[in-house]
Structure formats: structure tokens, C-alpha cells
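Visitor: Here it is, the structure, as C-alpha cells.
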Amino acid sequence: MTVHHPPPPTGDRPTGDTASSATPTGVPASGLPAAGTPADQAPLAGRTALVTGATGQLGDAVCRLLAARGAAVVGVHRTPSERAEALAAGTGARLLRADLSDPDETAALLGRVRELGPAPDILVCAHGATARRPVLGGAYDAAAEQRLWQLNTGSVQQLASAAAKRMMRAKFGRIVLFGSRGGATGMPGQPGYAATKAALSGWAASAAWELGPFGVTVNVVAPGAVRARPEDAPVYSAEEDERAAGRTAVRRLAEPAEIAEAVGFLAAPGASYVTGQTLLVDGGARW
């Protein structure tokens, strides 16, 4: 989801869509409100939210924000980590492990969620991977591209389609997919990744027509460059981060909590007339 133009080494990396320099903004890293927040500021009370990629920097921020707004959160992550333990302790979220690059595990996930309680009213797909494989970087790796498509696109469609059926019966649902500014504008050096994210916008715009009459909305949040958590290994150099920040109207990188706010808006009951859209959350980036 970072959209500045990195050099072209090859290989897949887990998404968090991170950039490594910290720009102080005063935005709370967790997205949690201050203690003593009135109950009427919990618009998602009584709702269940399923968030994939829950231990990534963006997924973590989304889980914390939705929990703070009253939702019962079920987070999905691929590998055990201290981050998962901290997320559960900080939000009360229930966590499940699943490898969403495996279609069978993806198909089984919603059944496992229902064993924990109500089926999700809100689905946020924040999982995925990046891949730096330039068109001119070597031979086309069909197997690697297929794995990327399954994780970034196929598993998202698979989960969203299954979740939508329950939401249709309930006459309420919010589906929010994580795209990327690169999917909307292109991403030199990462054409395969950009294509997987662009496909989500087309899927959401199409699915919205089918699901809209049943009170189910489908939207895409497309972040630009996001500041990495201090504990994460940097994906981009300090020079790349500085260049990306300079290309935004606000002259800085996003905080994960700022991206989560866009998800929170789309997940809320009041966003019932917003569907089929791709919302760029990129600080007004232009290049």
C-alpha cells in the first residue's frame, strides 16, 4: 500500500505496507479513545467484526479501533507472536490462526468464527503480501504470482463472498477490503502487487450492486505510505520514506490509526449510503 517507488530487489514480503521513518503527529498509535469515553460513542456495540491480518500494523490498529467502538473483535493471524498476545490483552479480541494463502483454510475460517459466537456483521480484510518483481527484472515466475494472487485477491473474494451470505440474511453488513494507492495509480517495480490490489476495487464495485438491496455495503480502503512500527524491520530506506512524505500534501507519512479511522467510518451504521467505493487515504499524494 506504500506507493513511493522503491528499488527493484525481488521477493515477497508480508504486508503491513510500512515505511520506516517516524513522523510525530500527535495521533495515538493504538487508535483507542481516552478513558471514560461515553457509551453513546460505541456505535458498533452488539456487532461482531472479523479482521484478518490482525497482527500487522494496519490490522492491529483496526482491531483496536473497532473494539474501542464497541464491536466484539475476532482477529485472524498467520503465525504466533507476542503481538497477538498484546492485541488480545489490550482489546479482548479473540484470535484465530489461519494461513489464508491456503484456499481450504480460508474456506474453513468462517465456520471457526461461528464456533466462537455470532457470525460477523463486519469483515475487514487487512491481510496480504507485497512483491517486488519488476517487469524487466527477470523471467516471469508464474508460481510466485499465483501465490500472490491467492493471498491478496482470491482469499479476499472467498471470505467476502461467504460472509456476505450471512449478512444478507441479517439485512446488515459491512465489508471493507484493504487495497492500495498502488492499485489505483500503479506502482513501478511492483506490477503484480498493484494488479492484485486493483482487482479488489473492481470486485467491490461489482459486489456492491448485488448486496446493496440487502443492507450490505462493500468498500475498499486504499492507503498510501504508512509509518512503520518501531519494532518492525524497515521495508524502505529513510531516503525513500522522506521522498514519499514529500510527495504528499501533508508532507508526512500516515499513522496506522489514521488508516483505521477510514475503516471505522465505513464499518459504522451511518455509512449505509457509501458502497462500491475505493477510498484513497494517502495524504493527498501526487506524482
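Here's how to read the names in the C-alpha cells: chain A, B, ... by the order shown, residue numbers from 1 in each chain, ligand numbers from 1 in the order shown.
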Determine which residues of stretch 26-182 of chain A DSSP labels as helix (DSSP H, G or I) from the backbone of this structure, then write them out as a PyMOL selection string.
Guide: chain A and resi 39-41+57-68+82-91+103-116+142-170+181-182
Visitor: Would you return as a list of chain:residue names the members of stretch 65-162 of chain A that DSSP assigns to strand (DSSP E) on this structure's backbone?
Guide: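 DSSP-assigned strand (DSSP E) residues in stretch 65-162 of chain A: A:Ala72, A:Val73, A:Val74, A:Gly75, A:Val76, A:His77, A:Arg94, A:Leu95, A:Leu96, A:Arg97, A:Ile122, A:Leu123, A:Val124, A:Cys125, A:Ala129, A:Thr130, A:Ala131.
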Visitor: Take the residues from that selection and put them in a file with all heavy atoms, as a CSV table (one decimal), in the first residue's frame.
Guide:
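Below you can see again-v5.csv, which holds the result:
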```csv
chain,number,residue,atom,x,y,z
A,72,ALA,N,-17.4,-6.7,19.1
A,72,ALA,CA,-16.7,-7.9,19.6
A,72,ALA,C,-15.8,-8.3,18.4
A,72,ALA,O,-16.2,-8.6,17.3
A,72,ALA,CB,-17.6,-9.0,19.9
A,73,VAL,N,-14.4,-8.3,18.6
A,73,VAL,CA,-13.5,-8.5,17.5
A,73,VAL,C,-12.9,-9.9,17.6
A,73,VAL,O,-12.5,-10.4,18.6
A,73,VAL,CB,-12.3,-7.5,17.6
A,73,VAL,CG1,-11.3,-7.7,16.6
A,73,VAL,CG2,-12.9,-6.0,17.5
A,74,VAL,N,-12.9,-10.5,16.4
A,74,VAL,CA,-12.2,-11.8,16.1
A,74,VAL,C,-11.1,-11.4,15.2
A,74,VAL,O,-11.3,-11.0,14.0
A,74,VAL,CB,-13.1,-12.9,15.6
A,74,VAL,CG1,-12.3,-14.1,15.3
A,74,VAL,CG2,-14.3,-13.1,16.5
A,75,GLY,N,-9.8,-11.6,15.6
A,75,GLY,CA,-8.7,-11.3,14.7
A,75,GLY,C,-8.1,-12.6,14.2
A,75,GLY,O,-8.0,-13.6,14.9
A,76,VAL,N,-7.6,-12.5,12.9
A,76,VAL,CA,-7.0,-13.7,12.3
A,76,VAL,C,-5.6,-13.3,12.0
A,76,VAL,O,-5.3,-12.3,11.4
A,76,VAL,CB,-7.7,-14.0,11.0
A,76,VAL,CG1,-7.1,-15.3,10.3
A,76,VAL,CG2,-9.2,-14.3,11.3
A,77,HIS,N,-4.6,-14.2,12.4
A,77,HIS,CA,-3.2,-14.0,12.1
A,77,HIS,C,-2.6,-15.3,11.7
A,77,HIS,O,-3.2,-16.4,11.9
A,77,HIS,CB,-2.5,-13.4,13.3
A,77,HIS,CG,-2.5,-14.3,14.5
A,77,HIS,ND1,-1.4,-14.9,15.0
A,77,HIS,CD2,-3.6,-14.7,15.3
A,77,HIS,CE1,-1.7,-15.7,16.1
A,77,HIS,NE2,-3.0,-15.6,16.3
A,94,ARG,N,-10.7,-12.1,20.4
A,94,ARG,CA,-10.4,-13.5,20.3
A,94,ARG,C,-9.6,-13.7,19.0
A,94,ARG,O,-10.0,-13.2,17.9
A,94,ARG,CB,-11.7,-14.3,20.3
A,94,ARG,CG,-12.5,-14.2,21.6
A,94,ARG,CD,-13.9,-14.6,21.4
A,94,ARG,NE,-14.7,-13.7,20.6
A,94,ARG,CZ,-15.9,-13.8,20.3
A,94,ARG,NH1,-16.6,-14.9,20.7
A,94,ARG,NH2,-16.5,-12.9,19.5
A,95,LEU,N,-8.6,-14.5,19.0
A,95,LEU,CA,-7.7,-14.6,17.9
A,95,LEU,C,-7.7,-16.0,17.4
A,95,LEU,O,-7.7,-17.0,18.1
A,95,LEU,CB,-6.3,-14.2,18.3
A,95,LEU,CG,-6.1,-12.7,18.7
A,95,LEU,CD1,-4.7,-12.4,19.0
A,95,LEU,CD2,-6.6,-11.8,17.6
A,96,LEU,N,-7.6,-16.1,16.1
A,96,LEU,CA,-7.6,-17.4,15.4
A,96,LEU,C,-6.3,-17.4,14.5
A,96,LEU,O,-6.0,-16.4,13.9
A,96,LEU,CB,-8.8,-17.7,14.5
A,96,LEU,CG,-10.1,-17.8,15.3
A,96,LEU,CD1,-11.3,-17.9,14.3
A,96,LEU,CD2,-10.1,-19.1,16.2
A,97,ARG,N,-5.7,-18.5,14.3
A,97,ARG,CA,-4.6,-18.7,13.4
A,97,ARG,C,-5.1,-19.3,12.1
A,97,ARG,O,-5.8,-20.3,12.1
A,97,ARG,CB,-3.4,-19.5,14.0
A,97,ARG,CG,-2.7,-18.7,15.0
A,97,ARG,CD,-1.6,-19.6,15.6
A,97,ARG,NE,-0.7,-20.1,14.6
A,97,ARG,CZ,0.2,-21.1,14.8
A,97,ARG,NH1,0.3,-21.7,16.0
A,97,ARG,NH2,1.0,-21.5,13.9
A,122,ILE,N,-19.3,-7.5,10.4
A,122,ILE,CA,-18.3,-6.6,9.8
A,122,ILE,C,-17.1,-7.5,9.4
A,122,ILE,O,-16.6,-8.3,10.2
A,122,ILE,CB,-17.8,-5.5,10.8
A,122,ILE,CG1,-19.0,-4.6,11.2
A,122,ILE,CG2,-16.7,-4.7,10.1
A,122,ILE,CD1,-18.7,-3.8,12.4
A,123,LEU,N,-16.7,-7.4,8.2
A,123,LEU,CA,-15.5,-8.1,7.7
A,123,LEU,C,-14.5,-7.1,7.2
A,123,LEU,O,-14.8,-6.3,6.3
A,123,LEU,CB,-15.8,-9.1,6.6
A,123,LEU,CG,-14.6,-9.8,5.9
A,123,LEU,CD1,-13.9,-10.7,6.9
A,123,LEU,CD2,-15.1,-10.5,4.7
A,124,VAL,N,-13.3,-7.1,7.8
A,124,VAL,CA,-12.2,-6.3,7.3
A,124,VAL,C,-11.1,-7.2,6.9
A,124,VAL,O,-10.5,-7.9,7.7
A,124,VAL,CB,-11.7,-5.3,8.4
A,124,VAL,CG1,-10.6,-4.4,7.8
A,124,VAL,CG2,-12.9,-4.5,8.9
A,125,CYS,N,-10.7,-7.2,5.6
A,125,CYS,CA,-9.6,-8.0,5.1
A,125,CYS,C,-8.4,-7.1,5.0
A,125,CYS,O,-8.2,-6.4,4.0
A,125,CYS,CB,-10.0,-8.6,3.7
A,125,CYS,SG,-11.3,-9.8,3.8
A,129,ALA,N,0.4,-9.6,1.1
A,129,ALA,CA,1.8,-9.6,0.9
A,129,ALA,C,2.2,-8.6,-0.2
A,129,ALA,O,1.4,-8.4,-1.1
A,129,ALA,CB,2.4,-10.9,0.7
A,130,THR,N,3.3,-8.0,-0.1
A,130,THR,CA,3.9,-7.2,-1.2
A,130,THR,C,4.9,-8.1,-2.0
A,130,THR,O,5.3,-9.1,-1.5
A,130,THR,CB,4.6,-6.0,-0.7
A,130,THR,OG1,5.7,-6.4,0.2
A,130,THR,CG2,3.7,-5.1,0.1
A,131,ALA,N,5.2,-7.6,-3.2
A,131,ALA,CA,6.2,-8.4,-4.0
A,131,ALA,C,6.8,-7.4,-5.0
A,131,ALA,O,6.2,-6.7,-5.7
A,131,ALA,CB,5.4,-9.5,-4.8
```
Visitor: Between A:Ala204, A:Ile259, A:Ala249, A:Ile175, which is the closest to A:Leu280 once you count only C-alpha atoms?
Guide: A:Ile259
Visitor: May I have the residues within 9 Å of A:Ala184 as a PDB file with C-alpha atoms, in the first residue's frame, using only C-alpha atoms and disregarding those fewer than 6 positions away in the same chain?
Guide:
```pdb
ATOM      1  CA  ALA A 194      -0.519  -3.430  -7.844  1.00  0.00           C
ATOM      2  CA  LYS A 197      -4.941  -4.648  -5.257  1.00  0.00           C
ATOM      3  CA  ALA A 198      -6.566  -3.036  -8.301  1.00  0.00           C
ATOM      4  CA  SER A 201     -11.715  -2.317  -6.418  1.00  0.00           C
ATOM      5  CA  ALA A 222      -6.500   2.226  -0.270  1.00  0.00           C
ATOM      6  CA  THR A 278     -12.366   2.912  -3.207  1.00  0.00           C
ATOM      7  CA  LEU A 280      -7.744   6.727  -1.087  1.00  0.00           C
TER       8      LEU A 280
END
```
Visitor: Which residue is closest to A:Ala93? Choose from A:Thr48, A:Gln190, A:Gln157, A:Thr275 and count only C-alpha atoms.
Guide: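 The answer is A:Thr48, which sits nearest to A:Ala93.
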Visitor: Check the smallest atom-to-atom distance from each of A:Leu200, A:Ala71, A:Val226, A:Val263 to A:Pro43 using only C-alpha atoms, then report the winner.
Guide: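 Smallest separation from A:Pro43 among the options: A:Ala71.
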Visitor: Have a look at A:Pro234, A:Gly111, A:Gly224, A:Pro80 and name the one nearest to A:Gly283; count only C-alpha atoms.
Guide: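 Nearest to A:Gly283: A:Gly224.
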Visitor: Choose the residue, out of A:Glu210, A:Glu145, A:Asp121, A:Glu105, that has the smallest atom-to-atom separation from A:Gln158; count only C-alpha atoms.
Guide: A:Glu105
Visitor: Point out the residue among A:Asp60, A:Ser161, A:Val113, A:Ala119 with the least atom-to-atom distance to A:Thr91, counting only C-alpha atoms.
Guide: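 Of all the options, A:Asp60 lies closest to A:Thr91.
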Visitor: For atom CA of A:Arg247 and atom CA of A:Trp287, quote the distance in Å rounded to one decimal.
Guide: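 Taking atom CA of A:Arg247 and atom CA of A:Trp287, their separation equals 6.8 Å.
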Visitor: Just the number, please: distance in Å from atom CA of A:Gly154 to atom CA of A:Gly270, one decimal.
Guide: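 Spanning atom CA of A:Gly154 to atom CA of A:Gly270 is a straight-line distance of 29.2 Å.
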Visitor: Just to confirm, what's the straight-line distance from atom CA of A:Ala268 to atom CA of A:Pro120 in Å (one decimal)?
Guide: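 These atoms are spaced 13.7 Å apart.
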Visitor: May I have the residues within 10 Å of A:Lys165 as a VMD selection string, using only C-alpha atoms and disregarding those fewer than 4 positions away in the same chain?
Guide: chain A and resid 160 to 161 169 to 171 173 211 214 216
